[in-house]
file query.cif (mmCIF, C-alpha atoms and all ligand atoms)
data_run
loop_
_atom_site.label_atom_id
_atom_site.label_comp_id
_atom_site.auth_asym_id
_atom_site.auth_seq_id
_atom_site.Cartn_x
_atom_site.Cartn_y
_atom_site.Cartn_z
CA MET Q 1 75.54 80.88 138.61
CA LYS Q 2 72.15 81.99 137.31
CA LEU Q 3 71.12 85.64 137.27
CA LEU Q 4 67.63 87.06 136.94
CA ILE Q 5 68.26 90.38 135.22
CA THR Q 6 65.42 92.89 135.06
CA GLY Q 7 65.39 95.59 132.37
CA GLY Q 8 67.92 93.67 130.31
CA ALA Q 9 66.56 95.03 127.02
CA GLY Q 10 67.44 98.62 127.93
CA PHE Q 11 70.70 100.47 127.50
CA ILE Q 12 72.75 99.37 130.53
CA GLY Q 13 70.88 96.11 131.14
CA SER Q 14 71.56 94.90 127.57
CA ALA Q 15 75.26 95.78 127.90
CA PHE Q 16 75.26 93.75 131.13
CA VAL Q 17 73.48 90.78 129.51
CA ARG Q 18 75.92 90.84 126.57
CA MET Q 19 78.85 90.96 129.02
CA VAL Q 20 77.51 88.16 131.25
CA VAL Q 21 76.66 85.81 128.37
CA GLY Q 22 79.73 86.73 126.30
CA GLN Q 23 82.41 86.90 128.97
CA THR Q 24 81.35 84.65 131.87
CA ASP Q 25 79.79 81.19 132.19
CA TYR Q 26 76.73 82.58 134.02
CA HIS Q 27 73.17 81.93 132.89
CA ALA Q 28 71.01 85.03 132.33
CA VAL Q 29 67.22 85.24 132.51
CA ASN Q 30 66.05 88.64 131.31
CA LEU Q 31 62.67 89.96 132.54
CA ASP Q 32 61.69 93.06 130.59
CA LYS Q 33 58.40 94.78 129.79
CA LEU Q 34 59.73 96.23 126.51
CA THR Q 35 58.62 99.79 127.13
CA TYR Q 36 59.68 102.46 124.63
CA ALA Q 37 63.22 102.02 126.08
CA GLY Q 38 63.39 98.24 125.79
CA ASN Q 39 64.65 96.88 122.49
CA LEU Q 40 65.37 93.24 121.66
CA GLU Q 41 67.65 94.37 118.85
CA ASN Q 42 70.14 95.25 121.61
CA LEU Q 43 70.35 91.55 122.44
CA SER Q 44 70.80 89.97 119.01
CA ALA Q 45 74.35 88.93 120.02
CA VAL Q 46 73.04 86.59 122.75
CA GLU Q 47 69.75 85.46 121.19
CA GLY Q 48 70.87 81.94 120.27
CA SER Q 49 72.78 81.22 123.48
CA GLU Q 50 71.54 78.33 125.61
CA ARG Q 51 72.63 80.37 128.66
CA TYR Q 52 70.14 83.12 127.86
CA ARG Q 53 66.35 83.31 128.22
CA PHE Q 54 64.04 86.27 127.60
CA VAL Q 55 60.80 86.67 129.53
CA HIS Q 56 58.42 89.42 128.42
CA GLY Q 57 56.73 90.88 131.49
CA ASP Q 58 56.29 93.62 134.05
CA ILE Q 59 58.22 93.69 137.35
CA CYS Q 60 55.02 95.00 138.96
CA ASP Q 61 53.26 91.72 138.11
CA ALA Q 62 53.62 89.87 141.43
CA ALA Q 63 52.22 86.57 140.13
CA LEU Q 64 54.61 86.52 137.20
CA VAL Q 65 57.64 87.41 139.35
CA ASP Q 66 56.63 84.76 141.87
CA SER Q 67 56.31 81.98 139.29
CA LEU Q 68 59.54 83.02 137.57
CA LEU Q 69 61.50 82.81 140.82
CA ALA Q 70 59.92 79.44 141.62
CA GLU Q 71 60.77 78.11 138.18
CA GLU Q 72 64.27 79.55 137.68
CA ARG Q 73 65.58 79.64 141.29
CA PRO Q 74 68.23 82.28 140.42
CA ASP Q 75 71.38 82.73 142.52
CA ALA Q 76 70.96 86.49 142.26
CA ILE Q 77 68.66 89.19 140.97
CA VAL Q 78 70.32 92.13 139.22
CA HIS Q 79 67.65 94.81 139.07
CA PHE Q 80 68.01 97.38 136.28
CA ALA Q 81 64.37 97.80 135.20
CA ALA Q 82 63.23 101.38 135.67
CA GLU Q 83 61.76 104.40 134.02
CA SER Q 84 65.15 106.05 133.72
CA HIS Q 85 64.77 109.52 132.24
CA VAL Q 86 64.42 112.73 134.26
CA ASP Q 87 62.62 114.71 131.53
CA ARG Q 88 60.00 111.99 131.05
CA SER Q 89 59.56 111.79 134.83
CA ILE Q 90 58.68 115.50 134.77
CA LEU Q 91 56.24 115.10 131.88
CA SER Q 92 54.65 111.87 133.25
CA PRO Q 93 55.60 110.88 136.81
CA GLU Q 94 53.05 108.05 137.20
CA PRO Q 95 54.89 105.22 135.37
CA VAL Q 96 58.09 106.31 137.11
CA VAL Q 97 56.64 105.88 140.57
CA ARG Q 98 54.88 102.67 139.58
CA THR Q 99 57.87 100.86 138.08
CA ASN Q 100 60.67 102.29 140.21
CA LEU Q 101 58.90 102.06 143.57
CA ASN Q 102 56.13 99.46 143.23
CA GLY Q 103 58.15 97.33 140.82
CA THR Q 104 61.18 97.28 143.12
CA PHE Q 105 58.91 96.43 146.04
CA THR Q 106 57.37 93.54 144.10
CA LEU Q 107 60.81 92.11 143.32
CA LEU Q 108 62.16 92.57 146.85
CA ASP Q 109 59.16 90.92 148.41
CA ALA Q 110 59.24 87.98 146.02
CA ALA Q 111 63.02 87.65 146.57
CA ARG Q 112 62.39 87.51 150.32
CA ARG Q 113 59.73 84.81 150.02
CA HIS Q 114 61.91 82.72 147.70
CA SER Q 115 65.09 83.33 149.76
CA VAL Q 116 67.06 84.57 146.76
CA PRO Q 117 70.73 84.53 147.87
CA ARG Q 118 71.65 87.96 146.47
CA PHE Q 119 69.75 91.07 145.31
CA LEU Q 120 71.74 93.75 143.50
CA HIS Q 121 69.75 96.95 143.18
CA VAL Q 122 71.05 99.27 140.45
CA SER Q 123 70.71 102.91 141.45
CA THR Q 124 72.09 106.34 140.65
CA ASP Q 125 74.17 109.21 142.05
CA GLU Q 126 71.13 111.43 141.39
CA VAL Q 127 69.74 110.34 144.76
CA TYR Q 128 72.33 112.62 146.42
CA GLY Q 129 70.94 115.65 144.59
CA SER Q 130 73.00 118.65 143.52
CA LEU Q 131 76.35 119.20 145.28
CA GLU Q 132 78.37 122.40 145.54
CA ALA Q 133 81.96 122.05 144.29
CA PRO Q 134 84.28 120.62 145.50
CA ALA Q 135 82.07 118.22 147.51
CA GLU Q 136 81.86 114.58 146.39
CA ALA Q 137 79.20 112.19 147.64
CA GLY Q 138 80.36 109.13 149.48
CA GLU Q 139 77.83 106.37 150.14
CA ASP Q 140 76.72 107.92 153.45
CA TYR Q 141 76.05 111.35 151.92
CA PRO Q 142 72.48 112.56 152.66
CA LEU Q 143 69.78 111.76 150.10
CA ASN Q 144 68.40 114.92 148.51
CA PRO Q 145 66.67 113.98 145.26
CA SER Q 146 65.13 116.69 143.07
CA SER Q 147 63.10 115.04 140.29
CA PRO Q 148 60.34 112.43 140.38
CA TYR Q 149 62.91 110.09 138.81
CA SER Q 150 65.62 110.60 141.44
CA ALA Q 151 63.06 110.62 144.27
CA SER Q 152 61.68 107.29 143.07
CA LYS Q 153 65.19 105.85 142.92
CA ALA Q 154 65.99 107.15 146.42
CA GLY Q 155 62.75 105.60 147.66
CA SER Q 156 63.60 102.27 146.03
CA ASP Q 157 67.08 102.37 147.58
CA LEU Q 158 65.54 102.85 151.02
CA LEU Q 159 63.06 100.02 150.46
CA ALA Q 160 65.90 97.74 149.34
CA ARG Q 161 67.88 98.67 152.43
CA SER Q 162 64.87 98.03 154.67
CA TYR Q 163 64.61 94.51 153.25
CA PHE Q 164 68.19 93.92 154.33
CA VAL Q 165 67.77 95.41 157.80
CA THR Q 166 64.35 93.93 158.55
CA PHE Q 167 64.25 90.66 156.62
CA LYS Q 168 67.99 89.98 156.18
CA LEU Q 169 67.53 89.83 152.40
CA PRO Q 170 71.15 89.97 151.10
CA VAL Q 171 70.86 93.28 149.28
CA VAL Q 172 73.73 95.21 147.66
CA ILE Q 173 73.02 98.67 146.21
CA THR Q 174 75.12 100.33 143.51
CA ARG Q 175 74.85 104.02 142.59
CA ALA Q 176 76.37 104.99 139.27
CA SER Q 177 76.99 108.31 137.60
CA ASN Q 178 75.84 109.27 134.07
CA ASN Q 179 76.42 106.42 131.64
CA TYR Q 180 77.15 106.70 127.93
CA GLY Q 181 77.97 104.22 125.17
CA PRO Q 182 76.40 102.26 122.28
CA TYR Q 183 72.67 101.38 122.29
CA GLN Q 184 71.64 104.29 124.56
CA PHE Q 185 68.16 105.58 123.76
CA PRO Q 186 68.63 109.02 122.17
CA GLU Q 187 66.68 110.91 124.84
CA LYS Q 188 69.71 111.29 127.17
CA LEU Q 189 72.32 114.01 126.62
CA ILE Q 190 75.11 112.20 124.77
CA PRO Q 191 73.12 110.03 122.31
CA LEU Q 192 70.67 112.88 121.66
CA MET Q 193 73.52 115.24 120.83
CA ILE Q 194 75.33 112.63 118.69
CA THR Q 195 72.26 111.68 116.65
CA ASN Q 196 71.23 115.32 116.16
CA ALA Q 197 74.78 116.32 115.19
CA LEU Q 198 75.04 113.47 112.66
CA ASP Q 199 71.77 114.75 111.12
CA ALA Q 200 72.91 118.41 111.30
CA GLN Q 201 69.92 119.18 113.57
CA PRO Q 202 69.95 121.74 116.46
CA LEU Q 203 71.55 120.61 119.73
CA PRO Q 204 69.21 121.74 122.57
CA VAL Q 205 71.29 122.83 125.59
CA TYR Q 206 69.26 123.45 128.75
CA GLY Q 207 69.89 126.77 130.52
CA ASP Q 208 73.51 127.92 130.40
CA GLY Q 209 74.97 124.44 129.76
CA GLN Q 210 77.25 124.73 132.80
CA GLN Q 211 75.66 121.86 134.72
CA VAL Q 212 78.26 119.25 135.63
CA ARG Q 213 77.94 115.49 135.31
CA ASP Q 214 80.41 112.64 135.91
CA TRP Q 215 80.62 110.41 132.81
CA LEU Q 216 80.95 106.63 133.04
CA TYR Q 217 81.39 104.33 130.03
CA VAL Q 218 78.65 101.69 130.16
CA ASP Q 219 81.02 98.69 130.14
CA ASP Q 220 82.94 100.16 133.09
CA HIS Q 221 79.60 100.38 134.91
CA CYS Q 222 78.75 96.75 134.07
CA ARG Q 223 82.14 95.55 135.31
CA GLY Q 224 81.54 97.53 138.50
CA ILE Q 225 78.19 95.79 138.98
CA LEU Q 226 79.82 92.38 138.45
CA ALA Q 227 82.48 93.33 141.03
CA ALA Q 228 79.84 94.43 143.55
CA LEU Q 229 77.82 91.28 142.84
CA ALA Q 230 80.82 89.04 143.48
CA LYS Q 231 82.57 90.89 146.30
CA GLY Q 232 80.23 93.56 147.70
CA ARG Q 233 79.22 93.18 151.32
CA GLU Q 234 75.55 92.51 152.14
CA GLY Q 235 73.61 95.61 153.12
CA GLU Q 236 76.25 97.93 151.66
CA ILE Q 237 76.04 100.67 149.05
CA TYR Q 238 78.74 101.16 146.40
CA ASN Q 239 79.15 104.26 144.22
CA ILE Q 240 80.35 103.66 140.65
CA GLY Q 241 81.73 106.74 138.89
CA GLY Q 242 83.78 107.42 135.78
CA ASN Q 243 86.09 109.90 137.48
CA ARG Q 244 85.43 112.40 134.68
CA SER Q 245 83.40 115.51 135.53
CA LEU Q 246 82.46 117.80 132.66
CA PRO Q 247 80.07 120.71 132.11
CA ASN Q 248 77.39 119.81 129.55
CA LEU Q 249 78.61 122.44 127.10
CA ASP Q 250 82.07 120.81 127.00
CA VAL Q 251 80.44 117.47 126.20
CA VAL Q 252 78.34 119.06 123.44
CA ARG Q 253 81.40 120.80 121.96
CA GLN Q 254 83.32 117.51 121.94
CA VAL Q 255 80.44 115.84 120.10
CA LEU Q 256 80.40 118.63 117.51
CA ALA Q 257 84.16 118.46 117.00
CA ALA Q 258 84.14 114.67 116.67
CA THR Q 259 81.25 114.70 114.17
CA GLY Q 260 82.75 117.54 112.13
CA ARG Q 261 79.84 119.92 112.81
CA GLY Q 262 80.03 123.61 113.70
CA GLU Q 263 79.01 125.24 116.97
CA SER Q 264 76.17 127.08 115.21
CA LEU Q 265 74.08 123.94 115.86
CA ILE Q 266 74.12 124.69 119.62
CA THR Q 267 70.67 126.01 120.60
CA TYR Q 268 70.14 127.22 124.15
CA VAL Q 269 66.65 126.31 125.30
CA LYS Q 270 64.53 126.78 128.39
CA ASP Q 271 66.02 125.01 131.41
CA ARG Q 272 64.68 121.79 132.91
CA PRO Q 273 62.55 122.51 136.02
CA GLY Q 274 64.38 121.54 139.23
CA HIS Q 275 67.59 121.00 137.23
CA ASP Q 276 70.44 119.71 139.41
CA ARG Q 277 73.54 121.82 138.89
CA ARG Q 278 76.25 119.37 139.74
CA TYR Q 279 76.64 115.66 140.50
CA ALA Q 280 79.89 114.32 141.92
CA LEU Q 281 80.64 111.06 143.67
CA SER Q 282 83.54 109.07 145.06
CA SER Q 283 83.94 105.42 144.00
CA GLU Q 284 86.80 104.84 146.40
CA LYS Q 285 84.88 102.20 148.38
CA LEU Q 286 84.22 99.90 145.40
CA MET Q 287 87.81 100.37 144.21
CA ARG Q 288 89.25 99.57 147.63
CA GLU Q 289 87.02 96.57 148.34
CA THR Q 290 86.93 94.92 144.92
CA GLY Q 291 89.86 96.23 142.87
CA TRP Q 292 87.47 97.58 140.23
CA GLU Q 293 88.32 100.83 138.44
CA PRO Q 294 86.92 102.70 135.43
CA VAL Q 295 89.31 102.14 132.51
CA THR Q 296 87.69 103.97 129.59
CA ASN Q 297 89.02 107.44 128.94
CA PHE Q 298 86.16 109.83 128.03
CA GLU Q 299 87.51 110.91 124.63
CA ALA Q 300 88.09 107.28 123.59
CA GLY Q 301 84.68 106.18 124.90
CA LEU Q 302 82.94 109.09 123.16
CA SER Q 303 84.61 108.42 119.86
CA ARG Q 304 83.73 104.69 120.09
CA THR Q 305 80.14 105.69 120.86
CA ILE Q 306 79.93 108.13 117.95
CA GLU Q 307 81.30 105.46 115.59
CA TRP Q 308 78.62 103.06 116.81
CA TYR Q 309 75.81 105.57 116.09
CA ARG Q 310 77.35 106.34 112.70
CA ALA Q 311 77.44 102.64 111.84
CA ASN Q 312 73.95 101.82 113.17
CA THR Q 313 71.68 104.21 111.33
CA ALA Q 314 68.94 101.57 110.95
CA TRP Q 315 68.81 101.10 114.76
CA VAL Q 316 68.69 104.88 115.22
CA SER Q 317 65.93 105.44 112.70
CA ARG Q 318 63.81 102.63 114.14
CA VAL Q 319 64.04 103.93 117.73
CA ARG Q 320 63.46 107.51 116.58
CA SER Q 321 60.28 106.73 114.69
CA GLY Q 322 56.82 106.81 116.23
CA GLU Q 323 56.73 107.40 119.97
CA TYR Q 324 60.08 109.23 120.00
CA ARG Q 325 58.76 111.95 117.71
CA ALA Q 326 55.79 112.58 119.97
CA TYR Q 327 58.11 112.73 123.01
CA TYR Q 328 60.53 115.05 121.24
CA GLU Q 329 57.75 117.45 120.34
CA ARG Q 330 56.33 117.32 123.87
CA ASN Q 331 59.67 117.92 125.58
CA TYR Q 332 61.33 120.36 123.19
CA GLY Q 333 58.40 121.89 121.27
CA GLY Q 334 57.65 124.64 123.75
CA ARG Q 335 61.24 125.22 124.78
CA ALA Q 336 63.07 126.56 121.79
CA LEU Q 337 62.23 130.26 122.03
CA ALA Q 338 61.77 130.52 125.74
CA ARG Q 339 65.21 130.91 127.19
P1 LIG M 1 66.66 102.29 130.00
O1 LIG M 1 65.57 103.27 130.09
O2 LIG M 1 67.55 102.28 128.79
O3 LIG M 1 66.07 100.79 130.12
C1 LIG M 1 65.12 100.45 131.08
C2 LIG M 1 64.65 99.02 130.77
O4 LIG M 1 63.71 98.65 131.78
C3 LIG M 1 63.94 98.89 129.42
O5 LIG M 1 64.39 97.73 128.75
C4 LIG M 1 62.47 98.78 129.79
O6 LIG M 1 61.70 98.05 128.86
C5 LIG M 1 62.57 98.08 131.15
N1 LIG M 1 61.39 98.34 132.01
C6 LIG M 1 60.83 99.54 132.32
N2 LIG M 1 59.78 99.37 133.11
C7 LIG M 1 59.66 98.03 133.32
C8 LIG M 1 58.76 97.23 134.07
N3 LIG M 1 57.74 97.78 134.76
N4 LIG M 1 58.95 95.88 134.08
C9 LIG M 1 59.97 95.31 133.38
N5 LIG M 1 60.83 96.04 132.63
C10 LIG M 1 60.69 97.37 132.61
O7 LIG M 1 67.50 102.47 131.33
P2 LIG M 1 69.08 102.43 131.56
O8 LIG M 1 69.64 103.74 131.22
O9 LIG M 1 69.62 101.20 130.96
O10 LIG M 1 69.10 102.32 133.17
C11 LIG M 1 69.06 101.05 133.80
C12 LIG M 1 69.13 101.23 135.30
O11 LIG M 1 70.32 101.94 135.64
C13 LIG M 1 67.98 102.04 135.89
O12 LIG M 1 67.62 101.45 137.12
C14 LIG M 1 68.57 103.42 136.12
O13 LIG M 1 67.94 104.09 137.18
C15 LIG M 1 70.01 103.07 136.45
N6 LIG M 1 71.01 104.10 136.13
C16 LIG M 1 71.06 104.65 134.88
C17 LIG M 1 72.05 105.60 134.59
C18 LIG M 1 72.17 106.20 133.22
O14 LIG M 1 73.03 107.08 133.02
N7 LIG M 1 71.41 105.76 132.23
C19 LIG M 1 72.95 106.00 135.60
C20 LIG M 1 72.85 105.42 136.86
C21 LIG M 1 71.87 104.47 137.11
P1 LIG M 2 70.44 113.47 131.02
O1 LIG M 2 71.20 112.69 129.99
O2 LIG M 2 68.97 113.59 130.89
O3 LIG M 2 70.86 112.85 132.42
P2 LIG M 2 70.55 113.38 133.94
O4 LIG M 2 69.62 114.52 133.90
O5 LIG M 2 69.92 112.19 134.51
O6 LIG M 2 71.88 113.73 134.49
O7 LIG M 2 71.04 114.94 131.08
C1 LIG M 2 72.41 115.17 131.36
C2 LIG M 2 72.61 116.65 131.43
O8 LIG M 2 72.38 117.22 130.14
C3 LIG M 2 71.64 117.35 132.36
O9 LIG M 2 72.30 118.44 133.01
C4 LIG M 2 70.57 117.89 131.43
C5 LIG M 2 71.34 118.20 130.17
N1 LIG M 2 70.58 118.09 128.91
C6 LIG M 2 70.54 119.15 128.00
O10 LIG M 2 71.14 120.21 128.24
N2 LIG M 2 69.81 119.01 126.86
C7 LIG M 2 69.13 117.88 126.57
O11 LIG M 2 68.45 117.82 125.51
C8 LIG M 2 69.19 116.79 127.49
C9 LIG M 2 68.46 115.50 127.22
C10 LIG M 2 69.93 116.93 128.65
#
call {"tool": "encode", "arguments": {"input": "query.cif", "output": "structure tokens"}}
result
Amino acid sequence: MKLLITGGAGFIGSAFVRMVVGQTDYHAVNLDKLTYAGNLENLSAVEGSERYRFVHGDICDAALVDSLLAEERPDAIVHFAAESHVDRSILSPEPVVRTNLNGTFTLLDAARRHSVPRFLHVSTDEVYGSLEAPAEAGEDYPLNPSSPYSASKAGSDLLARSYFVTFKLPVVITRASNNYGPYQFPEKLIPLMITNALDAQPLPVYGDGQQVRDWLYVDDHCRGILAALAKGREGEIYNIGGNRSLPNLDVVRQVLAATGRGESLITYVKDRPGHDRRYALSSEKLMRETGWEPVTNFEAGLSRTIEWYRANTAWVSRVRSGEYRAYYERNYGGRALAR
């Protein structure tokens, strides 16, 4: 089995590559543009493996994708590559639309021409938009995305589905909830709060901090993708959740307690425009059809994650230098006093 994995140098993609190369006998070809979020340090564990190849390139580059499929003839494409952050999609929507929509189109169309036997499109519960409690989104819940990021993911899901319906490309779509774990770029809630807490820096909480997210440990997500890849039915969508809903403020307080910092670091800042109040999803379909389930308890996963950031200060300082500082200033600079 040979997989073409896109975005394998990012947070979830690198966890997936490490899992595939370390725990299966699959071959992995990783196509990644190495944007600010792509980091080959995340893949040092697989670098020497003869079952792993890295290709530096853009999923929007049709000629490159075409020649790679002709050369490698993968049994499946597992498509992670995306601009993945809501705040950046608000500050700069153009790369989000380009990679998430045009890039997914480029891959789907090449996969169709090369008759790739399986195309797993990695998506998000954010496509369902904000849900009032106690509703949970099943896979047929209406799409109601709020941000340029979630709208681009919803659009890419629909394109992927159209390639199944129209061209019979064997597409499977997964939609996961909020991931956390080692190697996550510290722009998302949990790694940002951990790295700031470890440095005794303010923890910027948007609005009232009562927004609810479902938290999924990254390895549970990757096992869910492997289950959907092996057993998911063509043309179907599978939600992948962690079965652990928490308001942001509870998450932030747990980070503070686990890092030994006081709550005085919490700083309420101006809310994110279009901020979704609550995500909630049911993963019953994937569980029923494949036997997968999330196994990592949130407290255990959080403490493992905090230990990783504590132990990997060189990784943290490298990813937080340069571009990250400019982003941080752009996103948080005007927010602090404006609640
Ligand atoms: P990430 O931002 O950490 O990594 C994205 C990777 O894609 C990087 O390695 C980057 O270099 C690469 N990339 C970006 N544009 C590219 C392009 N044009 N061509 C080739 N490579 C490109 O993202 P992540 O958090 O690992 O998310 C991976 C996927 O999972 C995304 O599709 C995202 O929508 C989805 N997802 C993420 C979460 C989450 O909580 N992070 C939840 C559900 C779904
Ligand atoms: P994020 O990790 O960006 O994921 P998403 O918006 O895709 O769910 O944010 C998770 C939640 O945390 C979301 O409600 C926004 C909130 N948040 C903050 O309060 N402060 C922050 O600095 C960040 C990055 C997020």
call {"tool": "atom_distance", "arguments": {"input": "query.cif", "atom1": "atom CA of Q:Leu198", "atom2": "atom CA of Q:Glu263"}}
result
13.1 Å
call {"tool": "closest_atom_pairs", "arguments": {"input": "query.cif", "of": "stretch 208-298 of chain Q", "to": "stretch 145-162 of chain Q", "cutoff": "10 Å", "atoms": "all atoms listed in the file", "output": "Markdown table"}}
result
| residue | atom | partner | partner_atom | distance |
| --- | --- | --- | --- | --- |
| Q:Glu234 | CA | Q:Arg161 | CA | 9.8 |
| Q:Gly235 | CA | Q:Arg161 | CA | 6.5 |
| Q:Glu236 | CA | Q:Arg161 | CA | 8.4 |
| Q:Ile237 | CA | Q:Arg161 | CA | 9.1 |
| Q:Pro273 | CA | Q:Ser147 | CA | 8.6 |
| Q:Gly274 | CA | Q:Ser146 | CA | 6.2 |
| Q:His275 | CA | Q:Ser146 | CA | 7.7 |
| Q:Asp276 | CA | Q:Ser146 | CA | 7.1 |
call {"tool": "atom_distance", "arguments": {"input": "query.cif", "atom1": "atom C16 of ligand LIG 1 (chain M)", "atom2": "atom CA of Q:Asp219"}}
result
12.5 Å
call {"tool": "atom_distance", "arguments": {"input": "query.cif", "atom1": "atom CA of Q:Lys2", "atom2": "atom CA of Q:Pro294"}}
result
25.5 Å
call {"tool": "residues_near_ligand", "arguments": {"input": "query.cif", "ligand": "ligand LIG 2 (chain M)", "cutoff": "7 Å", "atoms": "all atoms listed in the file", "output": "ChimeraX atom specification"}}
result
/Q:85-87,178,187-190,192,204-206,209,211-213,248,275-277
call {"tool": "closest_residue", "arguments": {"input": "query.cif", "among": "Q:Leu281, Q:Thr195, Q:Pro170, Q:Glu136", "to": "ligand LIG 1 (chain M)", "atoms": "only C-alpha atoms and all ligand atoms"}}
result
Q:Leu281
call {"tool": "residues_near_point", "arguments": {"input": "query.cif", "point": "(67.3, 96.5, 134.4)", "cutoff": "8 Å", "atoms": "all atoms listed in the file", "output": "number ranges by chain"}}
result
Q: 5-10, 12-13, 32, 78-82, 122
call {"tool": "axis_aligned_box", "arguments": {"input": "query.cif", "around": "ligand LIG 1 (chain M)", "padding_each_side": "6 Å", "output": "JSON"}}
result
{"center_x": 65.4, "center_y": 101.2, "center_z": 133.0, "size_x": 27.3, "size_y": 23.8, "size_z": 20.4}
call {"tool": "closest_residue", "arguments": {"input": "query.cif", "among": "Q:His27, Q:Arg118, Q:Arg335, Q:His56", "to": "Q:Asn39", "atoms": "all atoms listed in the file"}}
result
Q:His56
call {"tool": "closest_residue", "arguments": {"input": "query.cif", "among": "Q:Pro191, Q:Arg318, Q:Ser264, Q:Arg278", "to": "Q:Leu302", "atoms": "only C-alpha atoms"}}
result
Q:Pro191
call {"tool": "closest_residue", "arguments": {"input": "query.cif", "among": "Q:Gln23, Q:Asn196, Q:Thr305, Q:Ser123", "to": "ligand LIG 1 (chain M)", "atoms": "only C-alpha atoms and all ligand atoms"}}
result
Q:Ser123
call {"tool": "closest_residue", "arguments": {"input": "query.cif", "among": "Q:Arg253, Q:Arg113, Q:Lys33, Q:His121", "to": "ligand LIG 1 (chain M)", "atoms": "only C-alpha atoms and all ligand atoms"}}
result
Q:Lys33
call {"tool": "closest_residue", "arguments": {"input": "query.cif", "among": "Q:Ala228, Q:Ile266, Q:Ala311, Q:Val172", "to": "Q:Met287", "atoms": "all atoms listed in the file"}}
result
Q:Ala228
call {"tool": "residues_around", "arguments": {"input": "query.cif", "residues": "Q:Arg320", "least_positions_apart": "4", "cutoff": "9 Å", "atoms": "all atoms listed in the file", "output": "list of chain:residue names"}}
result
Q:Phe185, Q:Pro186, Q:Trp315, Q:Val316, Q:Tyr324, Q:Arg325
call {"tool": "decode", "arguments": {"input": "query.cif", "residues": "stretch 62-73 of chain Q", "atoms": "N, CA, C and O atoms", "output": "CSV table (one decimal), in the first residue's frame"}}
result
chain,number,residue,atom,x,y,z
Q,62,ALA,N,-0.5,21.9,-11.0
Q,62,ALA,CA,-1.1,20.8,-11.7
Q,62,ALA,C,-0.1,19.9,-12.3
Q,62,ALA,O,-0.2,18.7,-12.3
Q,63,ALA,N,1.0,20.5,-12.9
Q,63,ALA,CA,2.0,19.7,-13.6
Q,63,ALA,C,2.7,18.9,-12.6
Q,63,ALA,O,3.0,17.7,-12.9
Q,64,LEU,N,3.1,19.4,-11.5
Q,64,LEU,CA,3.8,18.6,-10.5
Q,64,LEU,C,2.9,17.5,-10.0
Q,64,LEU,O,3.4,16.3,-9.9
Q,65,VAL,N,1.7,17.8,-9.6
Q,65,VAL,CA,0.8,16.7,-9.1
Q,65,VAL,C,0.6,15.6,-10.2
Q,65,VAL,O,0.7,14.4,-9.8
Q,66,ASP,N,0.5,16.0,-11.4
Q,66,ASP,CA,0.3,15.1,-12.5
Q,66,ASP,C,1.5,14.1,-12.6
Q,66,ASP,O,1.4,12.9,-12.7
Q,67,SER,N,2.7,14.7,-12.6
Q,67,SER,CA,3.9,13.9,-12.8
Q,67,SER,C,4.1,13.0,-11.5
Q,67,SER,O,4.6,11.9,-11.7
Q,68,LEU,N,3.8,13.5,-10.4
Q,68,LEU,CA,4.0,12.7,-9.2
Q,68,LEU,C,3.0,11.5,-9.2
Q,68,LEU,O,3.4,10.4,-8.8
Q,69,LEU,N,1.8,11.7,-9.6
Q,69,LEU,CA,0.9,10.6,-9.7
Q,69,LEU,C,1.3,9.6,-10.7
Q,69,LEU,O,1.2,8.3,-10.5
Q,70,ALA,N,1.8,10.1,-11.8
Q,70,ALA,CA,2.3,9.2,-12.9
Q,70,ALA,C,3.5,8.4,-12.4
Q,70,ALA,O,3.6,7.2,-12.6
Q,71,GLU,N,4.4,9.0,-11.6
Q,71,GLU,CA,5.6,8.4,-11.2
Q,71,GLU,C,5.3,7.4,-10.0
Q,71,GLU,O,5.8,6.3,-10.0
Q,72,GLU,N,4.5,7.8,-9.0
Q,72,GLU,CA,4.4,7.0,-7.8
Q,72,GLU,C,3.2,6.1,-7.9
Q,72,GLU,O,3.2,5.1,-7.1
Q,73,ARG,N,2.2,6.3,-8.7
Q,73,ARG,CA,1.0,5.5,-8.8
Q,73,ARG,C,0.5,5.0,-7.4
Q,73,ARG,O,0.4,3.8,-7.1
